[in-house]
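Here's run_12.txt, which has compact mmCIF, C-alpha atoms and all ligand atoms:
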# COMPACT_ATOMS: atom_id res chain seq x y z
CA MET A 30 0.00 0.00 0.00
CA ASP A 31 1.32 3.39 -0.94
CA HIS A 32 0.78 5.72 1.92
CA ASN A 33 1.76 8.60 -0.23
CA GLY A 34 3.65 10.56 2.36
CA ASN A 35 1.05 9.95 5.05
CA TYR A 36 2.43 9.00 8.41
CA LYS A 37 1.72 6.47 11.07
CA ASN A 38 1.69 6.55 14.82
CA GLU A 39 0.24 4.24 17.49
CA PHE A 40 -3.32 5.31 16.51
CA GLY A 41 -2.97 4.26 12.90
CA TRP A 42 -2.47 6.03 9.60
CA PHE A 43 -2.99 9.74 9.30
CA ALA A 44 -3.37 12.06 6.40
CA ASP A 45 -0.69 14.34 5.01
CA LYS A 46 0.95 16.60 7.48
CA PRO A 47 -0.58 20.02 7.00
CA LYS A 48 1.62 22.15 4.76
CA VAL A 49 2.66 25.24 6.70
CA PRO A 50 4.09 27.82 4.35
CA LYS A 51 7.65 28.74 5.25
CA LYS A 52 7.29 32.42 5.66
CA LEU A 53 9.44 34.92 7.53
CA PHE A 54 6.97 37.27 9.11
CA ASN A 55 7.77 40.97 9.17
CA PHE A 56 10.79 40.40 6.97
CA LYS A 57 11.63 44.10 6.72
CA ALA A 58 11.55 44.75 10.47
CA VAL A 59 13.55 41.58 11.24
CA PHE A 60 16.15 42.46 8.61
CA ILE A 61 16.61 46.00 9.90
CA GLY A 62 16.80 44.67 13.47
CA VAL A 63 19.50 42.17 12.57
CA VAL A 64 21.53 44.81 10.73
CA ILE A 65 21.34 47.21 13.70
CA PHE A 66 22.35 44.40 16.07
CA VAL A 67 25.39 43.40 14.01
CA VAL A 68 26.55 47.02 13.67
CA LEU A 69 26.20 47.65 17.40
CA VAL A 70 27.94 44.43 18.43
CA THR A 71 30.91 45.05 16.12
CA SER A 72 31.13 48.79 16.81
CA PRO A 73 34.28 48.49 19.00
CA LEU A 74 36.07 47.04 15.98
CA TRP A 75 35.01 49.83 13.63
CA LYS A 76 36.75 52.43 15.76
CA ASN A 77 40.20 50.85 15.23
CA LEU A 78 39.68 49.87 11.61
CA GLY A 79 42.66 50.87 9.47
CA GLN A 80 44.58 52.35 12.38
CA ILE A 81 48.16 51.23 12.84
CA ILE A 82 49.43 51.65 16.36
CA PRO A 83 53.21 52.14 16.27
CA GLY A 84 55.26 49.72 18.36
CA PRO A 85 57.24 50.97 21.34
CA ASP A 86 60.62 52.54 20.63
CA PRO A 87 62.58 52.65 23.91
CA GLN A 88 65.56 55.04 23.67
CA LEU A 89 68.91 54.06 25.18
CA ASN A 90 70.81 57.25 24.39
CA THR A 91 70.90 58.94 27.80
CA ALA A 92 74.05 60.76 28.86
CA ALA A 93 74.74 58.21 31.61
CA ILE A 94 74.53 55.29 29.16
CA MET A 95 76.54 57.01 26.40
CA LYS A 96 79.28 57.72 28.96
CA LEU A 97 79.80 53.99 29.53
CA PRO A 98 82.62 52.42 27.51
CA GLU A 99 81.10 50.53 24.60
CA LYS A 100 81.92 47.06 25.95
CA ASP A 101 80.31 47.84 29.31
CA ARG A 102 77.19 49.37 27.78
CA THR A 103 74.89 46.83 29.29
CA CYS A 104 72.04 46.75 31.72
CA VAL A 105 72.34 45.17 35.17
CA GLU A 106 71.47 41.88 33.48
CA SER A 107 71.25 40.91 29.80
CA LYS A 108 68.84 42.79 27.59
CA GLU A 109 66.68 39.71 27.07
CA TYR A 110 66.54 39.07 30.79
CA MET A 111 65.64 42.70 31.52
CA ARG A 112 62.93 42.75 28.90
CA ALA A 113 61.25 39.75 30.41
CA ASN A 114 62.02 40.19 34.09
CA HIS A 115 62.68 43.82 35.04
CA MET A 116 59.44 44.05 37.00
CA LEU A 117 60.32 40.94 39.00
CA LEU A 118 63.87 42.16 39.58
CA LEU A 119 62.54 45.45 40.94
CA GLY A 120 60.29 43.56 43.34
CA GLU A 121 63.26 41.47 44.44
CA TRP A 122 65.37 44.59 45.04
CA ARG A 123 62.58 46.21 47.03
CA ASP A 124 62.17 43.15 49.26
CA GLU A 125 65.93 42.84 49.82
CA VAL A 126 66.23 46.52 50.77
CA VAL A 127 63.10 46.92 52.84
CA ARG A 128 63.07 43.55 54.59
CA ASP A 129 66.76 42.62 54.80
CA ALA A 130 68.43 46.06 54.61
CA ASN A 131 70.57 44.70 51.78
CA ARG A 132 71.28 47.35 49.10
CA ASP A 133 73.78 45.28 47.15
CA TYR A 134 72.78 43.41 44.04
CA VAL A 135 75.29 41.03 42.53
CA ASN A 136 74.36 40.19 38.96
CA SER A 137 74.81 36.90 37.13
CA LYS A 138 78.34 37.99 36.04
CA GLY A 139 79.40 38.79 39.61
CA LYS A 140 79.22 42.56 39.15
CA LYS A 141 77.88 44.57 42.10
CA TYR A 142 75.13 47.18 41.74
CA LEU A 143 73.21 49.44 44.07
CA ALA A 144 69.72 47.96 44.39
CA SER A 145 67.73 51.13 43.82
CA LEU A 146 65.02 52.19 41.41
CA SER A 147 65.65 55.95 41.51
CA ASN A 148 69.37 55.88 42.27
CA ASN A 149 70.32 53.17 39.81
CA CYS A 150 67.77 52.27 37.11
CA MET A 151 66.73 55.89 36.68
CA GLU A 152 70.32 57.16 36.72
CA CYS A 153 71.02 55.27 33.50
CA HIS A 154 67.45 55.37 32.18
CA SER A 155 66.87 59.01 33.09
CA ASN A 156 64.63 59.40 30.02
CA LYS A 157 61.55 57.81 31.56
CA SER A 158 59.08 59.12 28.96
CA GLN A 159 61.34 57.94 26.12
CA PHE A 160 62.15 54.61 27.73
CA CYS A 161 59.92 53.07 30.41
CA ASP A 162 56.76 54.86 29.27
CA GLN A 163 57.31 53.83 25.63
CA CYS A 164 56.64 50.18 26.42
CA HIS A 165 54.23 50.72 29.28
CA ASN A 166 51.91 52.97 27.27
CA TYR A 167 51.93 50.44 24.45
CA VAL A 168 50.83 47.55 26.69
CA ALA A 169 48.74 49.83 28.95
CA VAL A 170 50.52 49.05 32.22
CA VAL A 171 50.78 51.89 34.70
CA PRO A 172 53.34 51.08 37.42
CA ASN A 173 52.34 53.12 40.44
CA CYS A 174 55.90 53.65 41.70
CA TRP A 175 56.26 57.33 40.84
CA GLY A 176 54.03 58.67 43.57
CA CYS A 177 56.80 57.73 46.04
CA HIS A 178 59.98 57.18 43.98
CA TRP A 179 61.26 60.24 42.22
CA GLU A 180 62.35 60.35 38.64
CA LYS A 181 64.66 62.99 37.29
CA GLU A 182 62.44 64.15 34.45
CA LYS A 183 59.70 65.19 36.82
CA GLU A 184 62.20 66.95 39.08
CA LYS A 185 63.66 68.86 36.12
CA LYS A 186 60.18 70.02 35.13
CA GLN A 187 59.42 71.11 38.69
CA VAL A 188 62.71 73.02 38.92
CA ALA A 189 61.99 74.68 35.57
CA GLN A 190 58.50 75.61 36.77
CA SER A 191 59.67 77.06 40.08
CA GLU A 192 62.40 79.01 38.29
CA ALA A 193 59.80 80.40 35.89
CA LYS A 194 57.69 81.69 38.79
C1 LIG A 201 74.56 51.01 34.12
C2 LIG A 201 73.42 51.59 33.46
C3 LIG A 201 72.09 50.85 33.60
C4 LIG A 201 71.41 50.56 34.75
C5 LIG A 201 71.82 50.83 36.17
C6 LIG A 201 70.17 49.95 34.34
N1 LIG A 201 70.11 49.84 32.98
FE1 LIG A 201 68.64 49.01 31.88
N2 LIG A 201 69.77 49.13 30.22
C7 LIG A 201 71.00 49.75 30.13
C8 LIG A 201 71.55 49.53 28.81
C9 LIG A 201 72.91 50.04 28.29
C10 LIG A 201 70.61 48.73 28.10
C11 LIG A 201 70.74 48.17 26.67
C12 LIG A 201 71.42 46.86 26.78
C13 LIG A 201 71.77 46.23 25.46
O1 LIG A 201 71.46 46.81 24.42
O2 LIG A 201 72.32 45.13 25.52
C14 LIG A 201 69.49 48.53 29.01
C15 LIG A 201 68.36 47.79 28.71
C16 LIG A 201 67.23 47.71 29.53
C17 LIG A 201 65.96 47.11 29.17
C18 LIG A 201 65.64 46.45 27.83
C19 LIG A 201 65.31 47.52 26.82
C20 LIG A 201 64.92 46.98 25.49
O3 LIG A 201 64.95 47.77 24.53
O4 LIG A 201 64.58 45.80 25.39
C21 LIG A 201 65.11 47.27 30.23
C22 LIG A 201 63.66 46.85 30.31
C23 LIG A 201 65.85 47.94 31.27
N3 LIG A 201 67.13 48.20 30.81
C24 LIG A 201 65.34 48.26 32.51
C25 LIG A 201 66.14 48.60 33.60
C26 LIG A 201 65.71 48.58 34.98
C27 LIG A 201 64.30 48.28 35.44
C28 LIG A 201 66.80 48.88 35.74
C29 LIG A 201 66.92 48.85 37.24
C30 LIG A 201 66.56 47.59 37.83
C31 LIG A 201 67.90 49.13 34.83
N4 LIG A 201 67.48 48.95 33.54
C32 LIG A 201 69.17 49.52 35.22
C33 LIG A 201 71.65 50.43 31.15
C34 LIG A 201 71.29 50.38 32.48
C1 LIG A 202 60.96 46.79 26.40
C2 LIG A 202 59.76 47.34 26.99
C3 LIG A 202 59.81 47.86 28.43
C4 LIG A 202 60.69 48.79 28.95
C5 LIG A 202 61.79 49.53 28.22
C6 LIG A 202 60.31 48.96 30.32
N1 LIG A 202 59.26 48.16 30.64
FE1 LIG A 202 58.45 47.90 32.50
N2 LIG A 202 57.10 46.58 31.72
C7 LIG A 202 57.03 46.19 30.41
C8 LIG A 202 55.91 45.28 30.25
C9 LIG A 202 55.49 44.62 28.94
C10 LIG A 202 55.30 45.15 31.52
C11 LIG A 202 54.05 44.36 31.89
C12 LIG A 202 54.44 42.95 32.18
C13 LIG A 202 53.27 42.14 32.67
O1 LIG A 202 52.16 42.66 32.82
O2 LIG A 202 53.54 40.98 32.95
C14 LIG A 202 56.09 45.98 32.43
C15 LIG A 202 55.85 46.08 33.79
C16 LIG A 202 56.59 46.84 34.67
C17 LIG A 202 56.36 46.91 36.08
C18 LIG A 202 55.29 46.14 36.84
C19 LIG A 202 54.01 46.90 36.74
C20 LIG A 202 52.86 46.27 37.46
O3 LIG A 202 51.87 46.98 37.65
O4 LIG A 202 52.94 45.09 37.78
C21 LIG A 202 57.28 47.77 36.61
C22 LIG A 202 57.43 48.17 38.07
C23 LIG A 202 58.07 48.25 35.51
N3 LIG A 202 57.65 47.67 34.33
C24 LIG A 202 59.11 49.17 35.64
C25 LIG A 202 59.85 49.67 34.58
C26 LIG A 202 60.82 50.75 34.69
C27 LIG A 202 61.17 51.49 35.96
C28 LIG A 202 61.32 50.94 33.43
C29 LIG A 202 62.35 51.96 32.98
C30 LIG A 202 63.61 51.97 33.71
C31 LIG A 202 60.68 49.97 32.54
N4 LIG A 202 59.79 49.24 33.27
C32 LIG A 202 60.97 49.84 31.20
C33 LIG A 202 57.86 46.56 29.38
C34 LIG A 202 58.91 47.47 29.49
C1 LIG A 203 53.74 54.12 49.05
C2 LIG A 203 55.02 54.53 48.57
C3 LIG A 203 55.76 53.58 47.63
C4 LIG A 203 55.33 53.10 46.41
C5 LIG A 203 54.02 53.37 45.71
C6 LIG A 203 56.41 52.29 45.88
N1 LIG A 203 57.45 52.29 46.77
FE1 LIG A 203 59.23 51.35 46.52
N2 LIG A 203 59.84 52.00 48.36
C7 LIG A 203 59.13 52.82 49.18
C8 LIG A 203 59.92 53.07 50.39
C9 LIG A 203 59.51 53.95 51.56
C10 LIG A 203 61.12 52.35 50.22
C11 LIG A 203 62.32 52.28 51.18
C12 LIG A 203 63.28 53.34 50.75
C13 LIG A 203 64.68 53.13 51.30
O1 LIG A 203 64.84 52.50 52.34
O2 LIG A 203 65.60 53.58 50.58
C14 LIG A 203 61.04 51.69 48.93
C15 LIG A 203 62.07 50.92 48.40
C16 LIG A 203 62.06 50.40 47.13
C17 LIG A 203 63.21 49.77 46.50
C18 LIG A 203 64.59 49.62 47.06
C19 LIG A 203 65.25 50.95 47.42
C20 LIG A 203 65.41 51.95 46.30
O3 LIG A 203 66.19 52.91 46.48
O4 LIG A 203 64.82 51.82 45.23
C21 LIG A 203 62.81 49.39 45.25
C22 LIG A 203 63.66 48.69 44.20
C23 LIG A 203 61.43 49.78 45.11
N3 LIG A 203 61.00 50.37 46.26
C24 LIG A 203 60.67 49.54 43.97
C25 LIG A 203 59.38 49.99 43.81
C26 LIG A 203 58.61 49.76 42.62
C27 LIG A 203 59.11 48.99 41.39
C28 LIG A 203 57.39 50.35 42.80
C29 LIG A 203 56.24 50.37 41.84
C30 LIG A 203 55.78 49.09 41.36
C31 LIG A 203 57.40 50.94 44.13
N4 LIG A 203 58.62 50.68 44.71
C32 LIG A 203 56.35 51.65 44.68
C33 LIG A 203 57.89 53.35 48.94
C34 LIG A 203 57.10 53.08 47.84
Show me, as structure tokens, the structure contained in the file I just sent.
Ligand code: HEC
Ligand code: HEC
Ligand code: HEC
Amino acid sequence: MDHNGNYKNEFGWFADKPKVPKKLFNFKAVFIGVVIFVVLVTSPLWKNLGQIIPGPDPQLNTAAIMKLPEKDRTCVESKEYMRANHMLLLGEWRDEVVRDANRDYVNSKGKKYLASLSNNCMECHSNKSQFCDQCHNYVAVVPNCWGCHWEKEKEKKQVAQSEAK
């Protein structure tokens, strides 16, 4: 017997399923709604479209660094180490100084340094805005050290301002 598309359940054979037309109701309103939704959801991406954000360009040409003989023109540790670990090293220095009253740092080559942010790092890297800030602005980290630890640039500005008064 050809049931011709009819279907069967436990009550027996039934006629064709009713044909419900596949219709999208209010097509216009739905379409406009979907477009508005997509535009709103992706709007944060539109703002940056086509913009190229320049990479950081930390400058190493401070007077203190240029004064060093070429072969000793290094950081307290290797450049690669400093790039990856300077924030940890600073924390280590702070703990040594504040907890153990130890202001000596002996680096991996046996050379001794004063463990101090302002009196060592910032002596060589006295160009904070051209060095530290270059990278930090790029990755949006804001170390909160400068409320307590001075940096030369700020002091110079303050001196210039008070002289101008
Ligand atoms: C004696 C001077 C001197 C001192 C002190 C010093 N630096 Fe440096 N620093 C340099 C020099 C020179 C370089 C570049 C090294 C190279 O090119 O091999 C450098 C490189 C770096 C770099 C890597 C920069 C880059 O372009 O990748 C970081 C980060 C850095 N220093 C942070 C610090 C911090 C933080 C301190 C204190 C803990 C510090 N430095 C202390 C001279 C110094
Ligand atoms: C080569 C790029 C670069 C340079 C130059 C650089 N930093 Fe950083 N610094 C970073 C990055 C990237 C982070 C964030 C690391 C993270 O979040 O794990 C950071 C984090 C830090 C932090 C920890 C911040 C926090 O809130 O945890 C301190 C402190 C810091 N830097 C100090 C300095 C000082 C002082 C200098 C200049 C003497 C300097 N940095 C130069 C790239 C740099
Ligand atoms: C609330 C104030 C305050 C803030 C903020 C602060 N420090 Fe300090 N820090 C101190 C004091 C006070 C000392 C002890 C100074 C001393 O004995 O020479 C110190 C000592 C240190 C030392 C060792 C001594 C020296 O001369 O540098 C390091 C390194 C240091 N802090 C790093 C940091 C870093 C990195 C940050 C930011 C992530 C930071 N500190 C934020 C107050 C502060």
Go through the chains and note each residue within 12 Å of ligand LIG 203 (chain A), using all atoms listed in the file, then give the set as a compact mmCIF listing (two decimals) with C-alpha atoms, in the frame of the given file.
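So the final result, stored in pocket_27.txt, reads:
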# COMPACT_ATOMS: atom_id res chain seq x y z
CA ASN A 114 62.02 40.19 34.09
CA HIS A 115 62.68 43.82 35.04
CA MET A 116 59.44 44.05 37.00
CA LEU A 117 60.32 40.94 39.00
CA LEU A 118 63.87 42.16 39.58
CA LEU A 119 62.54 45.45 40.94
CA GLY A 120 60.29 43.56 43.34
CA GLU A 121 63.26 41.47 44.44
CA TRP A 122 65.37 44.59 45.04
CA ARG A 123 62.58 46.21 47.03
CA ASP A 124 62.17 43.15 49.26
CA GLU A 125 65.93 42.84 49.82
CA VAL A 126 66.23 46.52 50.77
CA VAL A 127 63.10 46.92 52.84
CA ARG A 128 63.07 43.55 54.59
CA ASP A 129 66.76 42.62 54.80
CA ALA A 130 68.43 46.06 54.61
CA ASN A 131 70.57 44.70 51.78
CA ARG A 132 71.28 47.35 49.10
CA ASP A 133 73.78 45.28 47.15
CA TYR A 134 72.78 43.41 44.04
CA TYR A 142 75.13 47.18 41.74
CA LEU A 143 73.21 49.44 44.07
CA ALA A 144 69.72 47.96 44.39
CA SER A 145 67.73 51.13 43.82
CA LEU A 146 65.02 52.19 41.41
CA SER A 147 65.65 55.95 41.51
CA ASN A 148 69.37 55.88 42.27
CA ASN A 149 70.32 53.17 39.81
CA CYS A 150 67.77 52.27 37.11
CA MET A 151 66.73 55.89 36.68
CA GLU A 152 70.32 57.16 36.72
CA CYS A 161 59.92 53.07 30.41
CA VAL A 170 50.52 49.05 32.22
CA VAL A 171 50.78 51.89 34.70
CA PRO A 172 53.34 51.08 37.42
CA ASN A 173 52.34 53.12 40.44
CA CYS A 174 55.90 53.65 41.70
CA TRP A 175 56.26 57.33 40.84
CA GLY A 176 54.03 58.67 43.57
CA CYS A 177 56.80 57.73 46.04
CA HIS A 178 59.98 57.18 43.98
CA TRP A 179 61.26 60.24 42.22
CA GLU A 180 62.35 60.35 38.64
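Here the residues that fall within 9 Å of (62.1, 54.4, 21.3), using all atoms listed in the file, are given as A:Gly84, A:Pro85, A:Asp86, A:Pro87, A:Gln88, A:Leu89, A:Gln159, A:Phe160, A:Gln163, A:Cys164.
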Generate the output file for the selected residues, C-alpha atoms, as a PDB file, in the frame of the given file.
ATOM      1  CA  GLY A  84      55.260  49.720  18.360  1.00  0.00           C
ATOM      2  CA  PRO A  85      57.240  50.970  21.340  1.00  0.00           C
ATOM      3  CA  ASP A  86      60.620  52.540  20.630  1.00  0.00           C
ATOM      4  CA  PRO A  87      62.580  52.650  23.910  1.00  0.00           C
ATOM      5  CA  GLN A  88      65.560  55.040  23.670  1.00  0.00           C
ATOM      6  CA  LEU A  89      68.910  54.060  25.180  1.00  0.00           C
ATOM      7  CA  GLN A 159      61.340  57.940  26.120  1.00  0.00           C
ATOM      8  CA  PHE A 160      62.150  54.610  27.730  1.00  0.00           C
ATOM      9  CA  GLN A 163      57.310  53.830  25.630  1.00  0.00           C
ATOM     10  CA  CYS A 164      56.640  50.180  26.420  1.00  0.00           C
TER      11      CYS A 164
END
Check: Using all atoms listed in the file, which of A:Pro98, A:Gly79, A:Gly41, A:Gly62 sits nearest ligand LIG 201 (chain A)?
Finding: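 Of the candidates, the smallest distance to ligand LIG 201 (chain A) is held by A:Pro98.
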Notebook entry, point to check: To one decimal place, how far is atom C33 of ligand LIG 201 (chain A) from CA of Lys108 (chain A) in Å?
Noted result: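 Rounded to one decimal, the two atoms are 8.9 Å apart.
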Notebook entry, point to check: Distance atom C21 of ligand LIG 201 (chain A)-CA of Asn77 (chain A), one decimal place?
Noted result: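 Separation of atom C21 of ligand LIG 201 (chain A) and CA of Asn77 (chain A): 29.3 Å.
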